[in-house]
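Participant: Just final_15.cif, nothing more (mmCIF, N, CA and C atoms):
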data_coords
loop_
_atom_site.label_atom_id
_atom_site.label_comp_id
_atom_site.auth_asym_id
_atom_site.auth_seq_id
_atom_site.Cartn_x
_atom_site.Cartn_y
_atom_site.Cartn_z
N MET A 1 2.27 -2.19 4.16
CA MET A 1 1.03 -2.64 3.58
C MET A 1 0.76 -1.82 2.33
N ALA A 2 0.23 -2.46 1.35
CA ALA A 2 -0.07 -1.79 0.08
C ALA A 2 -1.32 -0.92 0.22
N GLU A 3 -1.44 0.04 -0.65
CA GLU A 3 -2.62 0.88 -0.66
C GLU A 3 -3.75 0.14 -1.38
N ILE A 4 -4.91 0.11 -0.76
CA ILE A 4 -6.09 -0.55 -1.32
C ILE A 4 -7.22 0.45 -1.28
N TYR A 5 -7.96 0.54 -2.37
CA TYR A 5 -9.09 1.44 -2.48
C TYR A 5 -10.37 0.66 -2.74
N LYS A 6 -11.46 1.16 -2.23
CA LYS A 6 -12.77 0.58 -2.50
C LYS A 6 -13.48 1.47 -3.50
N ALA A 7 -13.80 0.93 -4.66
CA ALA A 7 -14.49 1.68 -5.71
C ALA A 7 -15.93 1.16 -5.78
N VAL A 8 -16.88 2.07 -5.67
CA VAL A 8 -18.29 1.70 -5.71
C VAL A 8 -18.94 2.38 -6.90
N PHE A 9 -19.43 1.57 -7.83
CA PHE A 9 -20.15 2.05 -9.00
C PHE A 9 -21.63 1.91 -8.72
N THR A 10 -22.39 2.99 -8.91
CA THR A 10 -23.84 2.94 -8.73
C THR A 10 -24.54 3.56 -9.93
N CYS A 11 -25.61 2.94 -10.31
CA CYS A 11 -26.47 3.46 -11.37
C CYS A 11 -27.92 3.26 -10.90
N PRO A 12 -28.50 4.30 -10.29
CA PRO A 12 -29.86 4.13 -9.74
C PRO A 12 -30.93 3.88 -10.80
N GLU A 13 -30.75 4.39 -11.99
CA GLU A 13 -31.76 4.20 -13.04
C GLU A 13 -31.86 2.74 -13.46
N LEU A 14 -30.72 2.04 -13.47
CA LEU A 14 -30.71 0.63 -13.87
C LEU A 14 -30.65 -0.31 -12.66
N ASP A 15 -30.72 0.26 -11.47
CA ASP A 15 -30.68 -0.50 -10.22
C ASP A 15 -29.43 -1.38 -10.14
N GLU A 16 -28.27 -0.76 -10.38
CA GLU A 16 -27.00 -1.48 -10.35
C GLU A 16 -26.09 -0.91 -9.28
N ARG A 17 -25.33 -1.81 -8.66
CA ARG A 17 -24.30 -1.41 -7.70
C ARG A 17 -23.20 -2.46 -7.75
N GLU A 18 -21.99 -2.01 -8.05
CA GLU A 18 -20.83 -2.89 -8.13
C GLU A 18 -19.77 -2.36 -7.18
N VAL A 19 -19.07 -3.26 -6.51
CA VAL A 19 -17.98 -2.88 -5.61
C VAL A 19 -16.72 -3.59 -6.07
N TRP A 20 -15.66 -2.81 -6.24
CA TRP A 20 -14.36 -3.35 -6.62
C TRP A 20 -13.32 -2.90 -5.61
N TYR A 21 -12.38 -3.76 -5.30
CA TYR A 21 -11.24 -3.38 -4.47
C TYR A 21 -10.04 -3.32 -5.40
N VAL A 22 -9.46 -2.14 -5.53
CA VAL A 22 -8.41 -1.89 -6.51
C VAL A 22 -7.18 -1.32 -5.84
N SER A 23 -6.08 -1.30 -6.58
CA SER A 23 -4.82 -0.83 -6.02
C SER A 23 -4.54 0.64 -6.25
N SER A 24 -5.33 1.30 -7.10
CA SER A 24 -5.12 2.73 -7.33
C SER A 24 -6.40 3.35 -7.88
N ARG A 25 -6.44 4.66 -7.83
CA ARG A 25 -7.60 5.37 -8.39
C ARG A 25 -7.65 5.20 -9.91
N LYS A 26 -6.50 5.12 -10.52
CA LYS A 26 -6.43 4.92 -11.97
C LYS A 26 -7.03 3.56 -12.35
N HIS A 27 -6.75 2.55 -11.53
CA HIS A 27 -7.31 1.23 -11.79
C HIS A 27 -8.83 1.23 -11.60
N ALA A 28 -9.33 2.05 -10.69
CA ALA A 28 -10.78 2.19 -10.51
C ALA A 28 -11.42 2.78 -11.76
N GLU A 29 -10.78 3.78 -12.36
CA GLU A 29 -11.29 4.36 -13.61
C GLU A 29 -11.27 3.33 -14.74
N LEU A 30 -10.24 2.50 -14.77
CA LEU A 30 -10.15 1.44 -15.77
C LEU A 30 -11.29 0.44 -15.60
N MET A 31 -11.58 0.06 -14.37
CA MET A 31 -12.68 -0.88 -14.10
C MET A 31 -14.01 -0.27 -14.52
N LEU A 32 -14.18 1.03 -14.29
CA LEU A 32 -15.41 1.70 -14.70
C LEU A 32 -15.57 1.66 -16.22
N ARG A 33 -14.50 1.99 -16.94
CA ARG A 33 -14.58 1.95 -18.42
C ARG A 33 -14.90 0.56 -18.92
N ARG A 34 -14.30 -0.45 -18.30
CA ARG A 34 -14.58 -1.83 -18.72
C ARG A 34 -16.01 -2.23 -18.42
N HIS A 35 -16.56 -1.71 -17.33
CA HIS A 35 -17.91 -2.09 -16.96
C HIS A 35 -18.96 -1.46 -17.87
N ILE A 36 -18.76 -0.20 -18.26
CA ILE A 36 -19.80 0.48 -19.05
C ILE A 36 -19.59 0.34 -20.55
N SER A 37 -18.53 -0.29 -20.98
CA SER A 37 -18.30 -0.41 -22.43
C SER A 37 -18.69 -1.80 -22.92
N THR A 38 -18.86 -1.87 -24.23
CA THR A 38 -19.17 -3.16 -24.84
C THR A 38 -17.87 -3.94 -25.03
N PRO A 39 -17.93 -5.25 -24.97
CA PRO A 39 -16.70 -6.04 -25.04
C PRO A 39 -15.96 -5.96 -26.37
N ARG A 40 -16.68 -5.79 -27.45
CA ARG A 40 -16.01 -5.85 -28.76
C ARG A 40 -15.60 -4.50 -29.30
N THR A 41 -16.44 -3.50 -29.15
CA THR A 41 -16.13 -2.21 -29.77
C THR A 41 -15.51 -1.20 -28.81
N LYS A 42 -15.57 -1.47 -27.51
CA LYS A 42 -15.04 -0.57 -26.47
C LYS A 42 -15.75 0.77 -26.43
N LYS A 43 -16.94 0.85 -27.02
CA LYS A 43 -17.76 2.05 -26.92
C LYS A 43 -18.70 1.89 -25.74
N LYS A 44 -19.27 3.01 -25.32
CA LYS A 44 -20.21 2.96 -24.19
C LYS A 44 -21.43 2.15 -24.60
N ALA A 45 -21.86 1.26 -23.72
CA ALA A 45 -23.03 0.43 -23.99
C ALA A 45 -24.28 1.31 -24.08
N MET A 46 -25.24 0.89 -24.85
CA MET A 46 -26.44 1.68 -25.07
C MET A 46 -27.22 1.93 -23.78
N ARG A 47 -27.21 0.99 -22.87
CA ARG A 47 -27.99 1.18 -21.64
C ARG A 47 -27.40 2.25 -20.73
N TYR A 48 -26.12 2.56 -20.90
CA TYR A 48 -25.49 3.61 -20.11
C TYR A 48 -25.41 4.94 -20.86
N GLU A 49 -25.90 4.97 -22.08
CA GLU A 49 -25.80 6.17 -22.92
C GLU A 49 -26.50 7.38 -22.28
N HIS A 50 -27.69 7.19 -21.76
CA HIS A 50 -28.44 8.30 -21.17
C HIS A 50 -28.69 8.11 -19.68
N ALA A 51 -28.10 7.09 -19.10
CA ALA A 51 -28.28 6.83 -17.67
C ALA A 51 -27.26 7.64 -16.86
N THR A 52 -27.63 7.98 -15.65
CA THR A 52 -26.69 8.65 -14.75
C THR A 52 -26.07 7.61 -13.84
N TYR A 53 -24.77 7.65 -13.74
CA TYR A 53 -24.06 6.71 -12.88
C TYR A 53 -22.95 7.47 -12.17
N SER A 54 -22.45 6.88 -11.11
CA SER A 54 -21.39 7.53 -10.35
C SER A 54 -20.39 6.49 -9.87
N LEU A 55 -19.19 6.97 -9.60
CA LEU A 55 -18.13 6.13 -9.08
C LEU A 55 -17.51 6.86 -7.89
N SER A 56 -17.50 6.21 -6.75
CA SER A 56 -16.85 6.80 -5.58
C SER A 56 -15.68 5.90 -5.18
N VAL A 57 -14.54 6.52 -4.93
CA VAL A 57 -13.33 5.78 -4.57
C VAL A 57 -12.87 6.26 -3.21
N THR A 58 -12.77 5.34 -2.27
CA THR A 58 -12.33 5.67 -0.91
C THR A 58 -11.19 4.75 -0.51
N PRO A 59 -10.20 5.25 0.21
CA PRO A 59 -9.10 4.40 0.65
C PRO A 59 -9.54 3.45 1.76
N VAL A 60 -9.08 2.21 1.68
CA VAL A 60 -9.34 1.22 2.71
C VAL A 60 -8.10 1.06 3.57
N PHE A 61 -6.97 0.80 2.92
CA PHE A 61 -5.68 0.71 3.59
C PHE A 61 -4.73 1.67 2.92
N GLU A 62 -4.00 2.43 3.70
CA GLU A 62 -2.99 3.33 3.15
C GLU A 62 -1.65 2.96 3.73
N SER A 63 -0.62 2.95 2.91
CA SER A 63 0.72 2.64 3.40
C SER A 63 1.38 3.90 3.92
N THR A 64 2.14 3.75 4.99
CA THR A 64 2.85 4.89 5.55
C THR A 64 4.26 4.96 4.99
N GLY A 65 4.69 3.94 4.28
CA GLY A 65 6.00 3.95 3.66
C GLY A 65 7.10 3.40 4.55
N ASP A 66 6.81 3.12 5.81
CA ASP A 66 7.82 2.60 6.73
C ASP A 66 7.30 1.32 7.35
N ALA A 67 7.94 0.20 7.01
CA ALA A 67 7.51 -1.09 7.53
C ALA A 67 8.21 -1.47 8.81
N GLN A 68 9.09 -0.61 9.31
CA GLN A 68 9.84 -0.88 10.53
C GLN A 68 10.66 -2.16 10.42
N TYR A 69 11.25 -2.37 9.27
CA TYR A 69 12.07 -3.56 9.02
C TYR A 69 13.45 -3.11 8.59
N ASP A 70 14.47 -3.63 9.26
CA ASP A 70 15.84 -3.30 8.93
C ASP A 70 16.55 -4.61 8.56
N PRO A 71 16.90 -4.82 7.27
CA PRO A 71 17.49 -6.09 6.86
C PRO A 71 18.92 -6.30 7.42
N ARG A 72 19.53 -5.26 7.95
CA ARG A 72 20.89 -5.39 8.48
C ARG A 72 20.90 -6.01 9.87
N GLY A 73 19.76 -6.20 10.45
CA GLY A 73 19.68 -6.88 11.73
C GLY A 73 19.56 -5.98 12.83
#
Let me see whether you can do it: turn the structure in this file into structure tokens.
Facilitator:
Amino acid sequence: MAEIYKAVFTCPELDEREVWYVSSRKHAELMLRRHISTPRTKKKAMRYEHATYSLSVTPVFESTGDAQYDPRG
């Protein structure tokens, strides 16, 4: 099974909460940058300039690396 992480973005000042299911912690950081930036300039949006926000990433499914499958039969 692949590794799946739950990323939760919260901004209490703007009353926002977003949940993303991503494949890595790096992808969670990418989703955060896309969420707080403007679409055209890729700079931080003005509403997030002085707001406090947080991102928590927790594993949902972790792979053990062994699927117990032997293709040789």
Participant: List every protein, DNA or RNA residue that has at least one atom no more than 6 Å from (-21.5, 4.9, -5.7) in the file's coordinates, counting all atoms listed in the file, and write the result as a VMD selection string.
Facilitator: chain A and resid 8 to 10 54 to 56
Participant: Quote the spacing between atom C of Tyr21 in chain A and CA of Lys6 in chain A in Å to one decimal place.
Facilitator: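 It comes out at 5.6 Å.
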Participant: Using only N, CA and C atoms, determine which residues lie at most 8 Å from Glu13 in chain A, disregarding the query and same-chain residues fewer than 3 positions distant; provide the list as a ChimeraX atom specification.
Facilitator: /A:10,16,51-53
Participant: Quick one: distance from CA of Arg33 in chain A to CA of Phe61 in chain A in Å, one decimal?
Facilitator: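 Between these atoms lies a distance of 23.8 Å.
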Participant: Which residue gives the smallest distance to Ser23 in chain A among A:Ile4, A:Ile36, A:Tyr48, A:Cys11, with all atoms listed in the file counted?
Facilitator: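 Going through A:Ile4, A:Ile36, A:Tyr48, A:Cys11 one by one, the smallest distance to Ser23 in chain A is for A:Ile4.
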Participant: For atom C of Ser24 in chain A and atom N of Val57 in chain A, determine how far apart the two atoms are, in Å to one decimal place.
Facilitator: 9.2 Å
Participant: Could you pull out the helix (DSSP H, G or I) residues of chain A, going by DSSP on the backbone, and write them as a list in words?
Facilitator: Arg25, Lys26, His27, Ala28, Glu29, Leu30, Met31, Leu32, Arg33, Arg34, His35, Ile36, Met46, Arg47 and Tyr48 of chain A
Participant: Restricting the calculation to only C-alpha atoms, which member of A:Lys42, A:Ser37, A:Val60, A:Glu49 is positioned closest to Trp20 in chain A?
Facilitator: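 Closest to Trp20 in chain A of all the choices is A:Val60.
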Participant: From the set A:Ala7, A:Leu14, A:Thr58, A:Lys44, which residue has the shortest atom-to-atom contact distance to Glu29 in chain A, counting only C-alpha atoms?
Facilitator: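 Smallest separation from Glu29 in chain A among the options: A:Ala7.
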Participant: Could you tell me which of A:His50, A:Arg25, A:Arg34, A:Arg72 comes closest to Tyr5 in chain A if we count all atoms listed in the file?
Facilitator: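 Of all the options, A:Arg25 lies closest to Tyr5 in chain A.
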Participant: Could you pull out the residues in chain A that DSSP calls strand (DSSP E or B) from the backbone, as a list of chain:residue names?
Facilitator: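 Selection result, strand (DSSP E or B) within chain A: A:Ile4, A:Tyr5, A:Lys6, A:Ala7, A:Val8, A:Phe9, A:Thr10, A:Cys11, A:Glu16, A:Arg17, A:Glu18, A:Val19, A:Trp20, A:Tyr21, A:Val22, A:Ser37, A:Lys44, A:Ser54, A:Leu55, A:Ser56, A:Val57, A:Thr58, A:Pro59, A:Val60, A:Phe61.
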Participant: For Arg17 in chain A, which of A:Leu30, A:Glu3, A:Arg47, A:His35 is the closest residue, counting only C-alpha atoms?
Facilitator: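 Of A:Leu30, A:Glu3, A:Arg47, A:His35, the one nearest Arg17 in chain A, counting only C-alpha atoms, is A:His35.
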Participant: Taking all atoms of range 4-7 of chain A that appear in the file, build a box with edges along x, y and z, extend it by 8 Å on every side, and state its centre and edge lengths in Å to one decimal, as lines of an AutoDock Vina configuration file.
Facilitator:
center_x = -10.4
center_y = 0.6
center_z = -3.3
size_x = 27.0
size_y = 18.2
size_z = 21.0
